[in-house]
Amino acid sequence: RQTSLTMTTMVPQRHGVSTKQLQIFFAIVLSWISTCSSYPMIAEVEEEKCFRFNVPEDDDAHMVFVAIPFEMKDNGEEWFVDQVNQLVKNRDQDEGLPKDFGDKPDKDLQSYMTEFVDENEAETGFIIKIQKPRRPILKQHEFEWFKPLVLNYVVESHGGGADGDPGVLGGYSVCFDPVDVDRTAHIIFDVILDSEEIDYESSEENTKVLKKEHLTPLEQNLARSITSSHKVLNEMRYMENREARMRKTADSINSKIRNFSYLSITILLGVTYVQVSYLKQYFKKKKII
């Protein structure tokens, strides 16, 4: 599947680089980007955050969004990313994207979702706003926790530029705005153009998010280094605790030896005093003194 998100980059002018060379460079970069497979994006939203995407002329776009708590475990987040990807894969050529996920979560994840909604209500307090630059808001919806928000045929649904001014390159802004909410959420979303071909024969492995087995050798080495570091830290903590126990034992033994020494000196002085007193009395009786 071809990626539909674009990004604006500012390139400083340098001496010796012509405009034509820059155009060739950007053409190569854009052609490389157009061949990359896209995956759902995850936005960490704590304050208003916006993304820009372009819709070519005579084309349309389909969007899917889902809000999950920031503190959700990685396996739960992975399940939602996979479901968004499956939902995009199951796009119908006429109807667009399905309105709901095709699979059900496992018992643990379903239990977590139910408890979270019971404690925090279904409404998230996060608003999605879709608009063109310097134009009124075209669409505005509030997210519900764990429920996909699907918007099909975005251009056609608001008139498709019937006002005669399609805006800058058909550009649209998608903004996530927390309204009176003091928390952080993860917004998983994907945008697909209507002109993109549906690949019904793509394997299931290509529709899943990247997992450990897909990591590069450098990332695997980094993971092993982190594991080794944790082992070293655990050994250091063990040595520190053992040293503390040994120091406590040594201090206790030294204290007992010191007390025993004081007691021995006291007894020795007492015995000496008794012996001296006895001898003094003995010599007086014998009239030696």
# chains A, B, ... in the order shown; residues from 1 in each chain; ligands from 1
>>> residues_around(residues="segment 130-133 of chain A", least_positions_apart="3", cutoff="10 Å", atoms="only C-alpha atoms", output="JSON, numbers by chain")
{"A": [50, 51, 52, 136, 137, 138, 139, 140, 141, 154, 166, 167, 168, 170, 171, 172, 173, 174, 175, 176]}
>>> residues_around(residues="Lys104 of chain A", least_positions_apart="6", cutoff="10 Å", atoms="only C-alpha atoms", output="list in words")
Trp79, Gln83 and Gln110 of chain A
>>> atom_distance(atom1="atom CA of Val84 of chain A", atom2="atom CA of Glu144 of chain A")
15.3 Å
>>> residues_around(residues="Asp194 of chain A", least_positions_apart="4", cutoff="12 Å", atoms="only C-alpha atoms", output="JSON, numbers by chain")
{"A": [1, 2, 4, 55, 56, 57, 58, 59, 60, 61, 62, 63, 88, 91, 92, 93, 94, 95, 96, 97, 152, 153, 154, 155, 156, 198]}
>>> write_last_selection(atoms="C-alpha atoms", output="PDB file, in the first residue's frame")
ATOM      1  CA  ARG A   1       0.000   0.000   0.000  1.00  0.00           C
ATOM      2  CA  GLN A   2       1.313   3.395  -0.909  1.00  0.00           C
ATOM      3  CA  SER A   4      -0.540   9.007   1.513  1.00  0.00           C
ATOM      4  CA  VAL A  55      -5.303  14.738  -1.579  1.00  0.00           C
ATOM      5  CA  PRO A  56      -4.535  14.897  -5.308  1.00  0.00           C
ATOM      6  CA  GLU A  57      -7.066  16.431  -7.670  1.00  0.00           C
ATOM      7  CA  ASP A  58      -9.915  14.099  -8.689  1.00  0.00           C
ATOM      8  CA  ASP A  59      -9.143  11.839  -5.742  1.00  0.00           C
ATOM      9  CA  ASP A  60     -10.550  11.273  -2.259  1.00  0.00           C
ATOM     10  CA  ALA A  61      -9.382   9.983   1.097  1.00  0.00           C
ATOM     11  CA  HIS A  62     -10.565   7.602   3.812  1.00  0.00           C
ATOM     12  CA  MET A  63      -9.493   7.992   7.439  1.00  0.00           C
ATOM     13  CA  VAL A  88      -7.702  -0.535   5.994  1.00  0.00           C
ATOM     14  CA  ARG A  91     -11.609  -1.464   2.414  1.00  0.00           C
ATOM     15  CA  ASP A  92     -14.464  -1.810  -0.060  1.00  0.00           C
ATOM     16  CA  GLN A  93     -14.044  -0.114  -3.412  1.00  0.00           C
ATOM     17  CA  ASP A  94     -17.526   1.480  -3.186  1.00  0.00           C
ATOM     18  CA  GLU A  95     -18.360   1.678   0.524  1.00  0.00           C
ATOM     19  CA  GLY A  96     -14.921   2.630   1.781  1.00  0.00           C
ATOM     20  CA  LEU A  97     -13.587   1.476   5.147  1.00  0.00           C
ATOM     21  CA  ASN A 152     -15.007   7.792   4.345  1.00  0.00           C
ATOM     22  CA  TYR A 153     -14.800  10.035   1.274  1.00  0.00           C
ATOM     23  CA  VAL A 154     -13.623  13.100   3.164  1.00  0.00           C
ATOM     24  CA  VAL A 155     -13.471  15.350   0.088  1.00  0.00           C
ATOM     25  CA  GLU A 156     -16.841  14.290  -1.315  1.00  0.00           C
ATOM     26  CA  ILE A 198      -6.711  -2.827  -2.782  1.00  0.00           C
TER      27      ILE A 198
END
>>> select_by_dssp(residues="segment 41-254 of chain A", states="alpha helix (DSSP H)", output="PDB file with C-alpha atoms, in the first residue's frame")
ATOM      1  CA  ASP A  74       2.227  -2.647  24.557  1.00  0.00           C
ATOM      2  CA  ASN A  75       0.355  -5.829  23.658  1.00  0.00           C
ATOM      3  CA  GLY A  76      -2.990  -3.989  23.833  1.00  0.00           C
ATOM      4  CA  GLU A  77      -1.656  -1.141  21.709  1.00  0.00           C
ATOM      5  CA  GLU A  78      -0.300  -3.663  19.218  1.00  0.00           C
ATOM      6  CA  TRP A  79      -3.730  -5.282  18.929  1.00  0.00           C
ATOM      7  CA  PHE A  80      -5.380  -1.952  18.050  1.00  0.00           C
ATOM      8  CA  VAL A  81      -2.671  -1.092  15.516  1.00  0.00           C
ATOM      9  CA  ASP A  82      -3.166  -4.490  13.904  1.00  0.00           C
ATOM     10  CA  GLN A  83      -6.949  -3.990  13.811  1.00  0.00           C
ATOM     11  CA  VAL A  84      -6.582  -0.568  12.169  1.00  0.00           C
ATOM     12  CA  ASN A  85      -4.293  -2.114   9.581  1.00  0.00           C
ATOM     13  CA  GLN A  86      -6.755  -4.958   8.959  1.00  0.00           C
ATOM     14  CA  LEU A  87      -9.598  -2.468   8.685  1.00  0.00           C
ATOM     15  CA  VAL A  88      -7.702  -0.535   5.994  1.00  0.00           C
ATOM     16  CA  LYS A  89      -6.928  -3.784   4.190  1.00  0.00           C
ATOM     17  CA  LYS A 107     -10.617 -11.696  27.646  1.00  0.00           C
ATOM     18  CA  ASP A 108      -7.860  -9.805  29.459  1.00  0.00           C
ATOM     19  CA  LEU A 109      -7.928  -6.879  27.046  1.00  0.00           C
ATOM     20  CA  GLN A 110     -11.739  -6.800  26.999  1.00  0.00           C
ATOM     21  CA  SER A 111     -11.792  -6.804  30.811  1.00  0.00           C
ATOM     22  CA  TYR A 112      -9.300  -3.927  30.895  1.00  0.00           C
ATOM     23  CA  MET A 113     -11.344  -1.915  28.382  1.00  0.00           C
ATOM     24  CA  THR A 114     -14.595  -2.476  30.309  1.00  0.00           C
ATOM     25  CA  GLU A 115     -13.065  -1.471  33.649  1.00  0.00           C
ATOM     26  CA  PHE A 116     -11.424   1.613  32.127  1.00  0.00           C
ATOM     27  CA  VAL A 117     -14.674   2.821  30.539  1.00  0.00           C
ATOM     28  CA  ASP A 118     -16.592   2.201  33.776  1.00  0.00           C
ATOM     29  CA  GLU A 119     -14.081   4.296  35.713  1.00  0.00           C
ATOM     30  CA  ASN A 120     -13.583   7.108  33.173  1.00  0.00           C
ATOM     31  CA  VAL A 154     -13.623  13.100   3.164  1.00  0.00           C
ATOM     32  CA  VAL A 155     -13.471  15.350   0.088  1.00  0.00           C
ATOM     33  CA  GLU A 156     -16.841  14.290  -1.315  1.00  0.00           C
ATOM     34  CA  SER A 157     -18.591  14.561   2.055  1.00  0.00           C
ATOM     35  CA  PRO A 217      20.749  -6.433  13.907  1.00  0.00           C
ATOM     36  CA  LEU A 218      21.695  -3.115  15.501  1.00  0.00           C
ATOM     37  CA  GLU A 219      18.430  -3.001  17.441  1.00  0.00           C
ATOM     38  CA  GLN A 220      18.885  -6.640  18.461  1.00  0.00           C
ATOM     39  CA  ASN A 221      22.377  -5.860  19.729  1.00  0.00           C
ATOM     40  CA  LEU A 222      20.972  -2.880  21.605  1.00  0.00           C
ATOM     41  CA  ALA A 223      18.284  -5.080  23.166  1.00  0.00           C
ATOM     42  CA  ARG A 224      20.909  -7.624  24.233  1.00  0.00           C
ATOM     43  CA  SER A 225      23.060  -4.824  25.664  1.00  0.00           C
ATOM     44  CA  ILE A 226      20.103  -3.526  27.670  1.00  0.00           C
ATOM     45  CA  THR A 227      19.428  -7.038  28.990  1.00  0.00           C
ATOM     46  CA  SER A 228      23.095  -7.444  29.962  1.00  0.00           C
ATOM     47  CA  SER A 229      23.033  -4.038  31.650  1.00  0.00           C
ATOM     48  CA  HIS A 230      20.026  -5.079  33.703  1.00  0.00           C
ATOM     49  CA  LYS A 231      21.835  -8.252  34.756  1.00  0.00           C
ATOM     50  CA  VAL A 232      24.911  -6.255  35.799  1.00  0.00           C
ATOM     51  CA  LEU A 233      22.744  -3.817  37.754  1.00  0.00           C
ATOM     52  CA  ASN A 234      20.952  -6.687  39.487  1.00  0.00           C
ATOM     53  CA  GLU A 235      24.301  -8.253  40.433  1.00  0.00           C
ATOM     54  CA  MET A 236      25.541  -4.907  41.732  1.00  0.00           C
ATOM     55  CA  ARG A 237      22.403  -4.488  43.825  1.00  0.00           C
ATOM     56  CA  TYR A 238      22.865  -8.021  45.180  1.00  0.00           C
ATOM     57  CA  MET A 239      26.505  -7.287  46.063  1.00  0.00           C
ATOM     58  CA  GLU A 240      25.464  -4.021  47.701  1.00  0.00           C
ATOM     59  CA  ASN A 241      22.801  -5.753  49.804  1.00  0.00           C
ATOM     60  CA  ARG A 242      25.207  -8.539  50.765  1.00  0.00           C
ATOM     61  CA  GLU A 243      27.869  -6.001  51.724  1.00  0.00           C
ATOM     62  CA  ALA A 244      25.311  -4.138  53.856  1.00  0.00           C
ATOM     63  CA  ARG A 245      24.366  -7.385  55.629  1.00  0.00           C
ATOM     64  CA  MET A 246      28.042  -8.260  56.235  1.00  0.00           C
ATOM     65  CA  ARG A 247      28.760  -4.749  57.521  1.00  0.00           C
ATOM     66  CA  LYS A 248      25.805  -4.994  59.899  1.00  0.00           C
ATOM     67  CA  THR A 249      27.029  -8.396  61.147  1.00  0.00           C
ATOM     68  CA  ALA A 250      30.575  -7.074  61.619  1.00  0.00           C
ATOM     69  CA  ASP A 251      29.335  -4.025  63.540  1.00  0.00           C
ATOM     70  CA  SER A 252      27.260  -6.298  65.778  1.00  0.00           C
ATOM     71  CA  ILE A 253      30.244  -8.582  66.491  1.00  0.00           C
ATOM     72  CA  ASN A 254      32.515  -5.605  67.198  1.00  0.00           C
TER      73      ASN A 254
END
>>> select_by_dssp(residues="segment 28-186 of chain A", states="strand (DSSP E or B)", output="ChimeraX atom specification")
/A:37,41-45,49-54,61-69,92,96,123-131,137-145,149-151,171-178,185-186
>>> write_last_selection(atoms="N, CA and C atoms", output="compact mmCIF listing (two decimals), in the first residue's frame")
# COMPACT_ATOMS: atom_id res chain seq x y z
N SER A 37 5.85 1.02 2.04
CA SER A 37 4.61 0.55 2.63
C SER A 37 4.33 1.35 3.89
N MET A 41 -0.15 5.19 12.07
CA MET A 41 0.68 6.05 12.90
C MET A 41 0.09 6.14 14.30
N ILE A 42 0.95 6.41 15.28
CA ILE A 42 0.53 6.59 16.66
C ILE A 42 0.99 7.96 17.12
N ALA A 43 0.05 8.80 17.52
CA ALA A 43 0.35 10.14 18.00
C ALA A 43 0.11 10.20 19.50
N GLU A 44 1.11 10.65 20.23
CA GLU A 44 0.95 10.87 21.67
C GLU A 44 0.42 12.29 21.88
N VAL A 45 -0.82 12.38 22.32
CA VAL A 45 -1.51 13.66 22.39
C VAL A 45 -1.68 14.08 23.85
N LYS A 49 -2.31 18.78 18.69
CA LYS A 49 -1.30 18.31 17.74
C LYS A 49 -1.96 18.14 16.39
N CYS A 50 -1.32 18.65 15.32
CA CYS A 50 -1.90 18.65 13.98
C CYS A 50 -0.99 17.93 12.98
N PHE A 51 -1.61 17.32 11.98
CA PHE A 51 -0.90 16.66 10.90
C PHE A 51 -1.48 17.16 9.58
N ARG A 52 -0.63 17.28 8.57
CA ARG A 52 -1.04 17.75 7.25
C ARG A 52 -0.94 16.61 6.24
N PHE A 53 -1.93 16.47 5.40
CA PHE A 53 -1.86 15.50 4.31
C PHE A 53 -2.51 16.10 3.08
N ASN A 54 -2.10 15.59 1.93
CA ASN A 54 -2.56 16.12 0.65
C ASN A 54 -3.41 15.09 -0.08
N ALA A 61 -10.14 10.62 0.02
CA ALA A 61 -9.38 9.98 1.10
C ALA A 61 -10.33 9.36 2.10
N HIS A 62 -9.85 8.28 2.72
CA HIS A 62 -10.57 7.60 3.81
C HIS A 62 -9.67 7.65 5.04
N MET A 63 -10.26 7.86 6.20
CA MET A 63 -9.49 7.99 7.44
C MET A 63 -10.09 7.11 8.52
N VAL A 64 -9.22 6.62 9.38
CA VAL A 64 -9.67 5.84 10.54
C VAL A 64 -8.83 6.27 11.73
N PHE A 65 -9.47 6.46 12.87
CA PHE A 65 -8.82 6.89 14.10
C PHE A 65 -9.35 6.05 15.26
N VAL A 66 -8.51 5.84 16.26
CA VAL A 66 -8.95 5.18 17.49
C VAL A 66 -8.11 5.72 18.63
N ALA A 67 -8.77 6.03 19.75
CA ALA A 67 -8.10 6.59 20.92
C ALA A 67 -7.96 5.52 22.00
N ILE A 68 -6.75 5.39 22.54
CA ILE A 68 -6.49 4.44 23.62
C ILE A 68 -5.74 5.17 24.73
N PRO A 69 -5.81 4.70 25.96
CA PRO A 69 -5.10 5.37 27.06
C PRO A 69 -3.59 5.29 26.87
N ASP A 92 -13.62 -1.50 1.10
CA ASP A 92 -14.46 -1.81 -0.06
C ASP A 92 -14.31 -0.71 -1.10
N GLY A 96 -16.02 2.08 1.00
CA GLY A 96 -14.92 2.63 1.78
C GLY A 96 -14.51 1.70 2.91
N GLU A 123 -16.63 8.75 26.77
CA GLU A 123 -16.09 9.90 26.05
C GLU A 123 -14.68 10.20 26.56
N THR A 124 -13.81 10.51 25.61
CA THR A 124 -12.41 10.74 25.95
C THR A 124 -12.12 12.19 26.32
N GLY A 125 -12.90 13.12 25.78
CA GLY A 125 -12.57 14.53 25.94
C GLY A 125 -11.58 15.02 24.88
N PHE A 126 -11.20 14.15 23.94
CA PHE A 126 -10.31 14.52 22.85
C PHE A 126 -11.14 14.73 21.58
N ILE A 127 -10.90 15.85 20.92
CA ILE A 127 -11.66 16.23 19.72
C ILE A 127 -10.76 16.11 18.50
N ILE A 128 -11.32 15.59 17.41
CA ILE A 128 -10.63 15.61 16.13
C ILE A 128 -11.27 16.67 15.25
N LYS A 129 -10.42 17.50 14.64
CA LYS A 129 -10.89 18.56 13.75
C LYS A 129 -10.19 18.42 12.40
N ILE A 130 -10.99 18.45 11.33
CA ILE A 130 -10.47 18.35 9.96
C ILE A 130 -10.82 19.64 9.24
N GLN A 131 -9.83 20.28 8.66
CA GLN A 131 -10.07 21.54 7.96
C GLN A 131 -8.97 21.79 6.95
N ILE A 137 -13.76 24.87 10.08
CA ILE A 137 -13.63 23.43 10.35
C ILE A 137 -14.65 22.66 9.53
N LEU A 138 -14.18 21.64 8.79
CA LEU A 138 -15.07 20.82 7.96
C LEU A 138 -15.76 19.73 8.78
N LYS A 139 -15.02 19.07 9.64
CA LYS A 139 -15.57 18.00 10.46
C LYS A 139 -15.00 18.11 11.86
N GLN A 140 -15.82 17.78 12.84
CA GLN A 140 -15.37 17.77 14.23
C GLN A 140 -16.10 16.67 14.98
N HIS A 141 -15.33 15.79 15.59
CA HIS A 141 -15.91 14.66 16.31
C HIS A 141 -15.15 14.48 17.62
N GLU A 142 -15.84 13.92 18.61
CA GLU A 142 -15.20 13.55 19.86
C GLU A 142 -14.95 12.05 19.87
N PHE A 143 -13.75 11.68 20.29
CA PHE A 143 -13.40 10.27 20.35
C PHE A 143 -14.12 9.58 21.51
N GLU A 144 -14.38 8.29 21.31
CA GLU A 144 -14.77 7.40 22.39
C GLU A 144 -13.65 6.38 22.57
N TRP A 145 -13.37 6.05 23.82
CA TRP A 145 -12.28 5.12 24.10
C TRP A 145 -12.48 3.80 23.37
N LEU A 149 -13.09 5.53 14.83
CA LEU A 149 -13.80 6.62 14.18
C LEU A 149 -13.40 6.60 12.71
N VAL A 150 -14.33 6.23 11.85
CA VAL A 150 -14.05 6.05 10.43
C VAL A 150 -14.72 7.17 9.65
N LEU A 151 -13.93 7.83 8.80
CA LEU A 151 -14.43 8.90 7.93
C LEU A 151 -14.13 8.51 6.49
N GLY A 171 -4.59 20.49 0.37
CA GLY A 171 -4.10 20.16 1.68
C GLY A 171 -5.18 20.16 2.74
N TYR A 172 -5.12 19.19 3.65
CA TYR A 172 -6.03 19.10 4.79
C TYR A 172 -5.21 18.98 6.07
N SER A 173 -5.76 19.52 7.12
CA SER A 173 -5.14 19.40 8.44
C SER A 173 -6.03 18.56 9.34
N VAL A 174 -5.42 17.60 10.03
CA VAL A 174 -6.11 16.80 11.03
C VAL A 174 -5.51 17.16 12.37
N CYS A 175 -6.33 17.71 13.26
CA CYS A 175 -5.85 18.16 14.56
C CYS A 175 -6.53 17.37 15.67
N PHE A 176 -5.73 16.95 16.64
CA PHE A 176 -6.24 16.29 17.84
C PHE A 176 -6.13 17.27 19.00
N ASP A 177 -7.25 17.57 19.61
CA ASP A 177 -7.29 18.64 20.62
C ASP A 177 -7.93 18.12 21.90
N PRO A 178 -7.18 18.06 23.02
CA PRO A 178 -7.80 17.70 24.30
C PRO A 178 -8.57 18.89 24.87
N ALA A 185 -3.25 10.74 25.78
CA ALA A 185 -3.83 9.61 25.04
C ALA A 185 -2.96 9.30 23.83
N HIS A 186 -3.06 8.07 23.36
CA HIS A 186 -2.45 7.67 22.11
C HIS A 186 -3.55 7.59 21.05
>>> atom_distance(atom1="atom CA of Glu71 of chain A", atom2="atom CA of Pro40 of chain A")
19.0 Å
>>> atom_distance(atom1="atom CA of Arg183 of chain A", atom2="atom CA of Phe70 of chain A")
8.3 Å
>>> closest_residue(among="A:Val181, A:Ile265, A:Met72, A:Ala122", to="Glu47 of chain A", atoms="only C-alpha atoms")
A:Val181
